[in-house]
>>> print(open('coords_22.cif').read())   # mmCIF, C-alpha atoms
data_coords
loop_
_atom_site.label_atom_id
_atom_site.label_comp_id
_atom_site.auth_asym_id
_atom_site.auth_seq_id
_atom_site.Cartn_x
_atom_site.Cartn_y
_atom_site.Cartn_z
CA MET A 15 32.49 114.05 -26.06
CA PRO A 16 30.54 111.09 -24.79
CA PHE A 17 30.91 111.70 -21.02
CA ARG A 18 28.82 114.29 -19.22
CA ALA A 19 28.94 114.83 -15.46
CA VAL A 20 25.44 114.54 -14.00
CA ASN A 21 26.66 115.43 -10.52
CA PRO A 22 30.12 115.14 -8.94
CA LYS A 23 29.62 111.40 -8.43
CA MET A 24 27.88 110.27 -11.61
CA VAL A 25 28.69 110.51 -15.30
CA GLU A 26 26.42 109.90 -18.23
CA ALA A 27 27.92 108.31 -21.33
CA THR A 28 26.28 108.47 -24.72
CA VAL A 29 26.79 105.25 -26.63
CA LEU A 30 26.33 105.34 -30.38
CA PRO A 31 26.25 102.38 -32.74
CA GLY A 32 29.71 101.40 -33.89
CA GLN A 33 31.41 103.04 -30.91
CA THR A 34 32.70 101.21 -27.89
CA VAL A 35 33.06 102.47 -24.35
CA TYR A 36 35.15 100.48 -21.87
CA SER A 37 34.15 100.59 -18.22
CA GLN A 38 34.95 98.93 -14.94
CA ARG A 39 32.79 95.87 -14.36
CA GLY A 40 29.72 96.51 -12.27
CA ALA A 41 29.99 100.30 -12.52
CA MET A 42 26.74 100.73 -14.47
CA LEU A 43 24.00 102.41 -12.43
CA ALA A 44 21.23 102.74 -14.99
CA TYR A 45 20.77 102.90 -18.73
CA ARG A 46 18.27 103.82 -21.43
CA GLY A 47 18.02 102.35 -24.88
CA GLU A 48 19.49 99.18 -26.29
CA VAL A 49 22.83 98.77 -24.62
CA SER A 50 24.74 95.55 -24.05
CA PHE A 51 27.45 94.89 -21.49
CA THR A 52 30.01 92.27 -22.37
CA PRO A 53 32.84 91.31 -20.06
CA SER A 54 36.12 91.98 -21.76
CA ILE A 55 38.26 89.01 -20.80
CA ARG A 56 41.29 90.60 -22.40
CA GLY A 57 40.85 93.53 -20.01
CA GLY A 58 40.71 96.16 -22.72
CA GLN A 59 42.16 96.71 -26.13
CA GLY A 60 44.82 94.88 -28.04
CA GLY A 61 45.32 91.23 -28.63
CA LEU A 62 46.57 88.37 -26.57
CA MET A 63 49.95 89.96 -25.94
CA SER A 64 48.40 93.13 -24.49
CA MET A 65 46.27 90.98 -22.23
CA LEU A 66 49.28 88.99 -21.03
CA GLY A 67 51.20 92.23 -20.52
CA ARG A 68 48.47 93.60 -18.30
CA ARG A 69 48.11 90.37 -16.33
CA VAL A 70 51.84 90.23 -15.68
CA ALA A 71 51.99 93.89 -14.77
CA GLY A 72 49.06 93.62 -12.36
CA GLU A 73 47.27 96.36 -14.28
CA ALA A 74 44.42 94.10 -15.39
CA ALA A 75 41.36 95.71 -13.86
CA PRO A 76 38.21 93.79 -14.81
CA LEU A 77 36.65 95.74 -17.65
CA MET A 78 33.56 95.36 -19.75
CA THR A 79 32.70 96.73 -23.15
CA VAL A 80 29.56 98.81 -23.52
CA GLU A 81 28.00 98.84 -26.97
CA GLY A 82 24.71 99.69 -28.60
CA SER A 83 22.77 102.93 -28.71
CA GLY A 84 21.54 104.83 -25.69
CA THR A 85 22.78 106.57 -22.58
CA VAL A 86 24.43 104.88 -19.62
CA LEU A 87 24.98 106.25 -16.09
CA PHE A 88 28.22 105.23 -14.41
CA GLY A 89 29.30 105.58 -10.80
CA HIS A 90 31.20 103.54 -8.27
CA GLY A 91 31.23 103.42 -4.49
CA GLY A 92 30.09 107.02 -4.11
CA HIS A 93 33.53 108.25 -5.20
CA HIS A 94 34.06 111.51 -6.99
CA ILE A 95 34.44 111.30 -10.75
CA GLU A 96 36.60 113.54 -12.86
CA VAL A 97 36.08 113.63 -16.60
CA MET A 98 39.31 114.24 -18.49
CA VAL A 99 39.27 115.16 -22.15
CA LEU A 100 42.33 114.16 -24.12
CA GLY A 101 43.31 115.93 -27.28
CA GLY A 102 46.24 113.83 -28.40
CA GLU A 103 48.29 113.77 -25.21
CA THR A 104 48.83 110.83 -22.88
CA LEU A 105 47.10 110.28 -19.54
CA TYR A 106 48.82 108.21 -16.85
CA VAL A 107 46.44 106.67 -14.34
CA GLU A 108 46.18 103.59 -12.15
CA ALA A 109 43.98 100.88 -13.67
CA ASP A 110 41.69 100.61 -10.62
CA ARG A 111 40.95 104.34 -10.74
CA LEU A 112 39.79 104.17 -14.33
CA LEU A 113 35.98 104.09 -14.29
CA ALA A 114 35.26 104.34 -18.00
CA PHE A 115 36.95 105.50 -21.18
CA ASP A 116 36.28 105.97 -24.86
CA GLY A 117 37.08 103.13 -27.18
CA SER A 118 38.88 105.64 -29.37
CA LEU A 119 41.67 105.97 -26.79
CA ARG A 120 44.67 103.68 -27.04
CA GLN A 121 45.31 101.81 -23.83
CA GLY A 122 48.77 100.76 -22.78
CA THR A 123 50.89 99.74 -19.82
CA MET A 124 54.00 101.59 -18.74
CA PHE A 125 56.85 100.40 -16.56
CA MET A 126 57.55 102.87 -13.76
CA GLY A 127 61.26 102.14 -13.89
CA SER A 128 61.39 103.73 -17.33
CA GLN A 129 60.82 107.09 -15.68
CA GLY A 130 63.36 107.71 -13.00
CA GLY A 131 65.08 104.34 -12.96
CA VAL A 132 65.40 102.71 -9.56
CA MET A 133 63.72 105.65 -7.85
CA GLY A 134 60.75 105.17 -10.16
CA MET A 135 60.41 101.62 -8.93
CA VAL A 136 60.73 102.72 -5.31
CA ARG A 137 58.10 105.32 -6.06
CA GLY A 138 55.68 102.67 -7.23
CA GLN A 139 56.18 100.76 -4.01
CA VAL A 140 55.78 103.80 -1.77
CA THR A 141 52.60 104.98 -3.43
CA GLY A 142 51.20 101.47 -3.42
CA GLN A 143 50.70 101.67 -7.17
CA GLY A 144 53.04 98.87 -8.03
CA LEU A 145 55.65 98.92 -10.73
CA PHE A 146 53.31 99.58 -13.62
CA THR A 147 50.71 102.12 -14.55
CA THR A 148 48.11 102.40 -17.30
CA THR A 149 48.39 104.94 -20.08
CA LEU A 150 45.66 106.28 -22.34
CA ALA A 151 46.57 108.14 -25.49
CA GLY A 152 44.70 109.71 -28.37
CA HIS A 153 41.53 111.75 -28.73
CA GLY A 154 38.58 111.09 -26.45
CA SER A 155 37.65 111.31 -22.81
CA ALA A 156 38.06 109.21 -19.69
CA ALA A 157 36.29 109.17 -16.33
CA VAL A 158 38.63 108.74 -13.37
CA LEU A 159 37.63 107.92 -9.79
CA ALA A 160 38.99 109.84 -6.81
CA HIS A 161 38.32 109.90 -3.11
CA GLY A 162 37.02 113.36 -2.39
CA GLY A 163 37.16 116.20 -4.90
CA VAL A 164 39.96 116.66 -7.41
CA VAL A 165 42.06 119.73 -8.16
CA GLU A 166 44.05 120.24 -11.33
CA LEU A 167 47.52 121.63 -10.80
CA PRO A 168 49.42 122.90 -13.85
CA VAL A 169 53.04 121.85 -14.20
CA ALA A 170 55.40 124.19 -16.06
CA PRO A 171 59.14 123.81 -16.77
CA ASP A 172 60.14 126.43 -14.19
CA HIS A 173 57.34 125.50 -11.85
CA PRO A 174 57.56 121.91 -10.55
CA VAL A 175 54.80 120.59 -8.33
CA HIS A 176 55.25 118.41 -5.25
CA VAL A 177 52.46 115.99 -4.40
CA ASP A 178 51.87 113.57 -1.56
CA PRO A 179 52.09 110.11 -3.20
CA GLN A 180 48.82 109.02 -1.59
CA ALA A 181 46.91 112.05 -2.86
CA TYR A 182 48.19 111.66 -6.42
CA VAL A 183 45.46 110.58 -8.86
CA ALA A 184 46.72 110.95 -12.41
CA HIS A 185 48.79 113.16 -14.67
CA ARG A 186 48.93 114.05 -18.32
CA GLY A 187 51.27 115.67 -20.76
CA GLU A 188 55.07 115.65 -20.88
CA VAL A 189 55.58 115.28 -17.16
CA ARG A 190 58.51 113.56 -15.51
CA ASN A 191 57.94 112.34 -12.01
CA ARG A 192 60.55 111.67 -9.41
CA LEU A 193 60.25 110.55 -5.84
CA SER A 194 61.97 112.94 -3.50
CA ALA A 195 62.70 111.70 -0.02
CA ALA A 196 63.08 114.13 2.81
CA LEU A 197 64.45 111.65 5.29
CA GLY A 198 66.38 113.15 8.15
CA TRP A 199 67.44 112.08 11.60
CA ARG A 200 63.96 113.06 12.85
CA GLU A 201 62.36 110.28 10.78
CA MET A 202 64.87 107.82 12.18
CA VAL A 203 63.88 108.57 15.77
CA GLY A 204 60.18 108.48 14.95
CA ARG A 205 59.58 112.23 15.01
CA GLY A 206 58.82 112.65 11.35
CA SER A 207 56.30 115.12 10.03
CA GLY A 208 54.55 112.35 8.11
CA GLU A 209 55.64 113.82 4.78
CA ALA A 210 58.85 111.89 4.23
CA PHE A 211 58.16 111.01 0.60
CA GLN A 212 56.93 113.38 -2.04
CA LEU A 213 56.41 113.15 -5.76
CA GLU A 214 58.13 115.87 -7.70
CA LEU A 215 56.50 116.47 -11.07
CA SER A 216 58.32 118.59 -13.62
CA GLY A 217 57.86 119.33 -17.30
CA THR A 218 54.71 120.63 -18.96
CA GLY A 219 51.31 119.17 -18.26
CA THR A 220 48.71 118.77 -15.57
CA VAL A 221 48.61 116.72 -12.40
CA TYR A 222 45.37 115.71 -10.65
CA VAL A 223 45.34 115.62 -6.85
CA GLN A 224 42.52 114.30 -4.66
CA ALA A 225 41.34 115.77 -1.37
CA SER A 226 42.13 112.65 0.60
CA GLU A 227 45.14 110.50 1.33
CA GLU A 228 43.08 107.36 1.13
CA LYS A 229 43.40 104.90 -1.68
CA LEU A 230 40.28 103.66 -3.42
CA MET B 6 20.88 117.50 6.55
CA LEU B 7 17.18 118.23 6.57
CA ALA B 8 15.49 121.08 8.43
CA VAL B 9 11.78 120.84 9.18
CA GLU B 10 9.76 123.83 10.37
CA LEU B 11 7.00 122.75 12.66
CA ASP B 12 4.12 124.90 13.77
CA GLY B 13 2.08 122.66 15.97
CA ASP B 14 1.91 119.94 13.31
CA ALA B 15 3.70 116.62 13.31
CA VAL B 16 6.12 114.63 11.14
CA ARG B 17 7.20 111.01 11.33
CA ALA B 18 10.92 110.40 11.35
CA LYS B 19 13.25 107.45 11.65
CA SER B 20 14.03 106.88 15.32
CA GLY B 21 17.22 108.52 16.47
CA SER B 22 17.64 110.67 13.36
CA MET B 23 17.16 114.02 15.11
CA VAL B 24 20.44 115.91 15.35
CA ALA B 25 19.27 119.26 16.72
CA TYR B 26 16.16 121.32 17.34
CA ASP B 27 15.11 124.70 18.61
CA GLY B 28 11.78 125.63 20.10
CA ARG B 29 9.69 123.08 21.90
CA MET B 30 9.53 119.53 20.55
CA THR B 31 8.19 116.26 21.80
CA PHE B 32 9.41 112.93 20.48
CA LYS B 33 7.15 109.94 20.79
CA LYS B 34 8.03 106.46 19.65
CA LEU B 35 5.39 104.93 17.42
CA THR B 36 5.27 101.19 17.85
CA GLY B 37 4.97 99.23 14.63
CA GLY B 38 5.50 102.15 12.27
CA GLY B 39 2.39 103.99 13.38
CA GLU B 40 0.04 101.95 11.24
CA GLY B 41 -2.01 100.31 13.91
CA LEU B 42 -1.98 96.71 14.98
CA ARG B 43 -2.43 95.26 11.52
CA GLY B 44 0.40 97.32 10.07
CA MET B 45 2.63 96.33 12.93
CA VAL B 46 2.02 92.63 12.45
CA THR B 47 2.58 92.96 8.69
CA ARG B 48 5.86 94.74 9.25
CA ARG B 49 7.09 92.18 11.73
CA LEU B 50 6.24 89.38 9.33
CA THR B 51 7.78 90.99 6.27
CA GLY B 52 10.94 92.22 7.94
CA GLU B 53 10.25 95.78 6.72
CA GLN B 54 10.33 97.07 10.26
CA LEU B 55 10.23 100.81 10.57
CA SER B 56 11.45 102.29 13.77
CA VAL B 57 9.52 105.54 13.69
CA MET B 58 9.03 108.43 16.05
CA GLU B 59 6.50 111.20 15.90
CA VAL B 60 7.91 114.69 16.25
CA LYS B 61 5.50 117.40 17.32
CA GLY B 62 5.93 120.94 18.47
CA HIS B 63 6.85 124.48 17.49
CA GLY B 64 10.21 125.38 16.02
CA THR B 65 12.79 123.89 13.70
CA CYS B 66 14.06 120.34 13.87
CA TRP B 67 17.10 119.05 11.97
CA PHE B 68 17.40 115.44 10.83
CA ALA B 69 20.36 113.47 9.47
CA ASP B 70 21.53 109.89 9.44
CA ARG B 71 25.04 108.49 8.81
CA ALA B 72 26.00 111.55 6.76
CA THR B 73 23.97 110.28 3.81
CA GLU B 74 22.49 112.61 1.22
CA ILE B 75 18.85 113.59 1.66
CA ASN B 76 16.43 114.00 -1.23
CA LEU B 77 12.99 115.57 -0.91
CA VAL B 78 10.13 113.99 -2.80
CA ARG B 79 6.77 115.73 -3.16
CA LEU B 80 3.79 113.44 -3.45
CA THR B 81 0.46 114.61 -4.81
CA GLY B 82 -1.71 111.60 -4.42
CA ASP B 83 0.70 109.24 -6.09
CA ARG B 84 2.66 106.46 -4.50
CA LEU B 85 6.35 106.26 -3.64
CA HIS B 86 8.10 102.92 -3.25
CA VAL B 87 11.18 103.05 -1.06
CA GLU B 88 13.24 100.64 1.03
CA SER B 89 12.39 101.13 4.72
CA GLY B 90 16.05 101.74 5.52
CA ASN B 91 16.16 104.67 3.07
CA LEU B 92 13.13 106.50 4.44
CA LEU B 93 14.03 109.36 6.79
CA VAL B 94 11.06 111.66 7.33
CA THR B 95 7.45 111.70 6.14
CA GLU B 96 4.82 114.34 6.68
CA ALA B 97 1.97 113.38 8.94
CA GLY B 98 -0.44 113.47 5.98
CA LEU B 99 1.27 110.55 4.28
CA ARG B 100 0.31 106.93 4.83
CA THR B 101 2.90 104.19 4.85
CA GLY B 102 2.36 100.56 3.96
CA THR B 103 4.09 97.43 2.79
CA THR B 104 4.06 95.73 -0.60
CA PHE B 105 5.52 92.59 -2.08
CA THR B 106 8.28 93.12 -4.63
CA GLY B 107 9.21 89.60 -5.57
CA LEU B 108 12.52 88.65 -7.04
CA ARG B 109 13.72 92.22 -7.44
CA GLY B 110 13.90 92.77 -3.71
CA ALA B 111 15.95 89.67 -3.19
CA SER B 112 18.45 90.75 -5.83
CA GLN B 113 19.03 94.22 -4.40
CA GLY B 114 19.49 93.03 -0.87
CA GLY B 115 16.39 94.79 0.37
CA GLY B 116 14.35 91.70 1.05
CA LEU B 117 11.15 90.60 -0.58
CA PHE B 118 9.06 93.52 0.63
CA THR B 119 9.25 97.25 0.32
CA THR B 120 7.65 100.26 1.95
CA THR B 121 5.13 102.43 0.13
CA VAL B 122 4.28 106.02 0.96
CA GLU B 123 0.99 107.44 -0.29
CA GLY B 124 -0.97 110.68 -0.01
CA HIS B 125 -0.23 114.38 -0.27
CA GLY B 126 2.90 115.87 1.23
CA GLN B 127 6.65 115.58 1.28
CA ALA B 128 8.90 112.68 2.15
CA ALA B 129 12.67 112.72 2.66
CA ILE B 130 14.63 109.74 1.39
CA MET B 131 18.27 108.99 1.98
CA SER B 132 20.86 107.89 -0.52
CA GLU B 133 24.57 107.21 -0.46
CA GLY B 134 25.82 110.16 -2.46
CA PRO B 135 23.56 112.58 -4.35
CA ALA B 136 20.73 110.73 -6.08
CA VAL B 137 19.39 111.63 -9.50
CA ALA B 138 15.74 111.33 -10.50
CA LEU B 139 15.39 109.69 -13.89
CA ARG B 140 12.14 110.01 -15.78
CA VAL B 141 10.53 106.91 -17.16
CA SER B 142 7.99 107.18 -19.94
CA ASP B 143 6.32 104.70 -22.22
CA ARG B 144 8.69 105.47 -25.04
CA HIS B 145 11.79 105.57 -22.85
CA PRO B 146 12.04 102.60 -20.55
CA LEU B 147 14.86 102.65 -18.05
CA THR B 148 17.07 99.87 -16.76
CA VAL B 149 18.72 100.17 -13.36
CA ASP B 150 21.35 98.27 -11.40
CA PRO B 151 19.58 96.78 -8.35
CA GLY B 152 22.36 97.99 -6.06
CA ALA B 153 22.00 101.61 -7.19
CA TYR B 154 18.20 101.74 -7.02
CA VAL B 155 16.84 103.89 -4.18
CA ALA B 156 13.16 104.55 -4.77
CA HIS B 157 10.56 105.10 -7.46
CA GLN B 158 7.27 106.92 -7.73
CA GLY B 159 4.37 107.07 -10.12
CA ASN B 160 2.70 104.48 -12.25
CA VAL B 161 5.70 102.36 -13.05
CA ARG B 162 5.85 98.67 -13.84
CA GLN B 163 9.04 96.88 -13.00
CA SER B 164 10.40 93.68 -14.31
CA PHE B 165 13.44 91.71 -13.49
CA GLN B 166 16.03 91.14 -16.14
CA SER B 167 18.88 88.74 -15.98
CA GLY B 168 21.89 88.66 -18.21
CA VAL B 169 23.31 85.46 -16.80
CA THR B 170 25.22 83.59 -19.46
CA PHE B 171 27.73 80.80 -19.46
CA ARG B 172 30.39 83.45 -18.88
CA THR B 173 28.93 84.28 -15.48
CA PHE B 174 29.53 80.73 -14.39
CA LEU B 175 33.10 80.91 -15.59
CA GLY B 176 33.66 83.83 -13.25
CA GLU B 177 34.02 86.25 -16.16
CA GLY B 178 30.67 87.97 -15.79
CA GLY B 179 30.21 91.61 -16.68
CA GLY B 180 29.26 92.46 -13.12
CA GLU B 181 25.85 93.44 -14.46
CA ALA B 182 24.10 90.09 -14.32
CA PHE B 183 20.82 91.39 -12.89
CA GLN B 184 18.94 94.52 -13.76
CA ILE B 185 15.53 96.00 -13.06
CA ARG B 186 13.62 97.37 -16.02
CA PHE B 187 11.12 100.16 -15.40
CA GLU B 188 8.29 100.91 -17.82
CA GLY B 189 5.33 103.26 -17.59
CA GLU B 190 5.21 106.85 -16.35
CA GLY B 191 7.12 108.01 -13.30
CA LEU B 192 10.43 108.80 -11.68
CA VAL B 193 13.18 106.46 -10.51
CA TYR B 194 15.81 107.61 -8.00
CA VAL B 195 19.32 106.24 -8.51
CA GLN B 196 22.32 106.69 -6.21
CA PRO B 197 25.96 106.87 -7.34
CA SER B 198 27.01 104.01 -5.11
CA GLU B 199 26.15 100.34 -5.30
CA ARG B 200 25.06 98.37 -2.27
CA THR B 201 26.80 95.06 -1.90
CA THR B 202 24.20 92.71 -3.22
CA PHE B 203 24.06 89.23 -4.47
CA ALA B 204 23.67 90.66 -7.97
CA GLY B 205 26.83 92.70 -7.65
CA GLU B 206 28.90 89.63 -6.99
CA VAL B 207 28.21 87.92 -10.31
#
>>> encode(input="coords_22.cif", output="structure tokens")
Amino acid sequence: MPFRAVNPKMVEATVLPGQTVYSQRGAMLAYRGEVSFTPSIRGGQGGLMSMLGRRVAGEAAPLMTVEGSGTVLFGHGGHHIEVMVLGGETLYVEADRLLAFDGSLRQGTMFMGSQGGVMGMVRGQVTGQGLFTTTLAGHGSAAVLAHGGVVELPVAPDHPVHVDPQAYVAHRGEVRNRLSAALGWREMVGRGSGEAFQLELSGTGTVYVQASEEKL
Amino acid sequence: MLAVELDGDAVRAKSGSMVAYDGRMTFKKLTGGGEGLRGMVTRRLTGEQLSVMEVKGHGTCWFADRATEINLVRLTGDRLHVESGNLLVTEAGLRTGTTFTGLRGASQGGGLFTTTVEGHGQAAIMSEGPAVALRVSDRHPLTVDPGAYVAHQGNVRQSFQSGVTFRTFLGEGGGEAFQIRFEGEGLVYVQPSERTTFAGEV
């Protein structure tokens, strides 16, 4: 596992020859050893088509590749960092929350409408995430940024979890998400509780929730 | 938050950083950083102005500034280099001064000069988020992002490294165009957040 949390806001990545780590541009704090940082114009893995896909989907966060041998400290904006270890399952996360990830993980882009149809698209708009999200699959680990600390909530088939869309960070596993609206006459007259939209996550997996309703 | 127990002795703190105290305390503004006339003129000229007060009395005094994290550094005769804006409290036994940093200062947005603290005692430095102290030795040089650098102590040489290539000019830079390389023996303090600097833009 190449990522090690130094404190809640910094991670240390071990870079070995022949292995690549992708990270957000400008997120390096310090490094030891012979490490090179190259901007990845394609914005990650894959060829030209993957790059175009990400550009069109608006999921093209500026990334750089980190190669060489040594240790690198990553951090960004004093935000909390959560290290997530993947053992074959898929992680769904917004591209701008992704601080760094192993080169061994396969990166992809997913259309929100494919989960939940029209409501999935509405969901993307409400949460401010847009219509697409980034997926990481395979074996390896990823460092994800969050505002405030992060809690892991397990999702089980008979135990769905409801999350405020703004506090949602990421999820993994076989989880279906659906936007549930609790709009009543009170919202119409401006007396809403401020919790009109919620994300309902069902299936089996884990959802990560941050301690703040602020986007990064 | 930092608590200082005073028993008739004095500490120097950044003006306005006291949040609470018990016992009897007196606060006296020290003009020109408390380094005499020469120090004051140097500070005015270099832009490393320290607005310092002397706190004296019996009791406990608490210090904090903008909810930043506070790190304690113990000095035993060695020298600590820190940006004047990051220095919160120094013990009365420590001397402060100003040194020239050259190009590094300009790249990290701290200006061309920096503050040094020398002597025996403790100093409290501030950082945005918890800072880590990274050891530098002759065999293990360390390279740091100028925006994340907070302070360093010990016998450390620093050099400025630039990774500007044609890609930077195309607007496709790695975001890590400038770095500071530390060699020698000592400690470097790094914060998890990056100041907005000229170097961070390219």
>>> interface_residues(input="coords_22.cif", of="chain A", to="chain B", cutoff="8 Å", atoms="only C-alpha atoms", output="list in words")
Asn21, Lys23, Met24, Arg39, Gly40, Ala41, Met42, Leu43, Ala44, Tyr45, Arg46, Gly47, Phe51, Thr52, Pro53, Ser54, Ile55, Leu77, Met78, Phe88, Gly89, His90, Gly91, Gly92 and His93 of chain A
>>> resolve_selection(input="coords_22.cif", expression="the PyMOL selection byres ((chain B and resi 27) around 6)", output="PyMOL selection string")
chain B and resi 26+28+64-65
>>> residues_around(input="coords_22.cif", residues="Ala19 (chain A)", least_positions_apart="5", cutoff="10 Å", atoms="only C-alpha atoms", output="count of residues only")
10
>>> residues_around(input="coords_22.cif", residues="Glu59 (chain B)", least_positions_apart="3", cutoff="7 Å", atoms="only C-alpha atoms", output="PyMOL selection string")
chain B and resi 15-18+32-35
>>> atom_distance(input="coords_22.cif", atom1="CA of Gly159 (chain B)", atom2="CA of Leu85 (chain B)")
6.8 Å
>>> atom_distance(input="coords_22.cif", atom1="CA of Ala97 (chain B)", atom2="CA of His63 (chain B)")
14.8 Å
>>> atom_distance(input="coords_22.cif", atom1="CA of Arg29 (chain B)", atom2="CA of Ile75 (chain B)")
24.2 Å
>>> resolve_selection(input="coords_22.cif", expression="the PyMOL selection byres ((chain A and resi 175) around 7)", output="count of residues only")
8
>>> axis_aligned_box(input="coords_22.cif", around="region 172-186 of chain A", padding_each_side="6 Å", output="JSON")
{"center_x": 52.8, "center_y": 117.7, "center_z": -9.9, "size_x": 26.7, "size_y": 29.4, "size_z": 28.8}
>>> closest_residue(input="coords_22.cif", among="B:Cys66, B:Leu80, B:Leu99, B:Leu92", to="Val155 (chain B)", atoms="only C-alpha atoms")
B:Leu92
>>> closest_residue(input="coords_22.cif", among="A:Thr220, A:Gln180, A:Ser118, A:Thr147", to="Val35 (chain A)", atoms="all atoms listed in the file")
A:Ser118
>>> build_atoms(input="coords_22.cif", residues="region 93-108 of chain A", atoms="N, CA and C atoms", output="PDB file, in the frame of the given file")
ATOM      1  N   HIS A  93      32.301 107.464  -5.045  1.00  0.00           N
ATOM      2  CA  HIS A  93      33.530 108.250  -5.200  1.00  0.00           C
ATOM      3  C   HIS A  93      33.307 109.388  -6.182  1.00  0.00           C
ATOM      4  N   HIS A  94      34.131 110.392  -6.054  1.00  0.00           N
ATOM      5  CA  HIS A  94      34.060 111.510  -6.990  1.00  0.00           C
ATOM      6  C   HIS A  94      34.579 111.062  -8.345  1.00  0.00           C
ATOM      7  N   ILE A  95      34.034 111.666  -9.397  1.00  0.00           N
ATOM      8  CA  ILE A  95      34.440 111.300 -10.750  1.00  0.00           C
ATOM      9  C   ILE A  95      34.912 112.553 -11.463  1.00  0.00           C
ATOM     10  N   GLU A  96      36.045 112.430 -12.103  1.00  0.00           N
ATOM     11  CA  GLU A  96      36.600 113.540 -12.860  1.00  0.00           C
ATOM     12  C   GLU A  96      36.636 113.120 -14.323  1.00  0.00           C
ATOM     13  N   VAL A  97      36.037 113.937 -15.170  1.00  0.00           N
ATOM     14  CA  VAL A  97      36.080 113.630 -16.600  1.00  0.00           C
ATOM     15  C   VAL A  97      37.260 114.364 -17.213  1.00  0.00           C
ATOM     16  N   MET A  98      38.118 113.634 -17.888  1.00  0.00           N
ATOM     17  CA  MET A  98      39.310 114.240 -18.490  1.00  0.00           C
ATOM     18  C   MET A  98      39.223 114.068 -19.998  1.00  0.00           C
ATOM     19  N   VAL A  99      39.354 115.190 -20.694  1.00  0.00           N
ATOM     20  CA  VAL A  99      39.270 115.160 -22.150  1.00  0.00           C
ATOM     21  C   VAL A  99      40.684 115.193 -22.709  1.00  0.00           C
ATOM     22  N   LEU A 100      40.997 114.233 -23.551  1.00  0.00           N
ATOM     23  CA  LEU A 100      42.330 114.160 -24.120  1.00  0.00           C
ATOM     24  C   LEU A 100      42.304 114.600 -25.564  1.00  0.00           C
ATOM     25  N   GLY A 101      43.212 115.466 -25.903  1.00  0.00           N
ATOM     26  CA  GLY A 101      43.310 115.930 -27.280  1.00  0.00           C
ATOM     27  C   GLY A 101      44.655 115.563 -27.861  1.00  0.00           C
ATOM     28  N   GLY A 102      44.989 114.276 -27.809  1.00  0.00           N
ATOM     29  CA  GLY A 102      46.240 113.830 -28.400  1.00  0.00           C
ATOM     30  C   GLY A 102      47.335 113.549 -27.405  1.00  0.00           C
ATOM     31  N   GLU A 103      47.217 114.047 -26.169  1.00  0.00           N
ATOM     32  CA  GLU A 103      48.290 113.770 -25.210  1.00  0.00           C
ATOM     33  C   GLU A 103      48.031 112.443 -24.486  1.00  0.00           C
ATOM     34  N   THR A 104      48.912 112.115 -23.565  1.00  0.00           N
ATOM     35  CA  THR A 104      48.830 110.830 -22.880  1.00  0.00           C
ATOM     36  C   THR A 104      48.430 111.060 -21.424  1.00  0.00           C
ATOM     37  N   LEU A 105      47.527 110.225 -20.948  1.00  0.00           N
ATOM     38  CA  LEU A 105      47.100 110.280 -19.540  1.00  0.00           C
ATOM     39  C   LEU A 105      47.668 109.073 -18.820  1.00  0.00           C
ATOM     40  N   TYR A 106      48.273 109.300 -17.669  1.00  0.00           N
ATOM     41  CA  TYR A 106      48.820 108.210 -16.850  1.00  0.00           C
ATOM     42  C   TYR A 106      47.932 108.053 -15.643  1.00  0.00           C
ATOM     43  N   VAL A 107      47.374 106.873 -15.453  1.00  0.00           N
ATOM     44  CA  VAL A 107      46.440 106.670 -14.340  1.00  0.00           C
ATOM     45  C   VAL A 107      46.504 105.207 -13.913  1.00  0.00           C
ATOM     46  N   GLU A 108      46.221 104.960 -12.650  1.00  0.00           N
ATOM     47  CA  GLU A 108      46.180 103.590 -12.150  1.00  0.00           C
ATOM     48  C   GLU A 108      44.956 102.878 -12.717  1.00  0.00           C
TER      49      GLU A 108
END
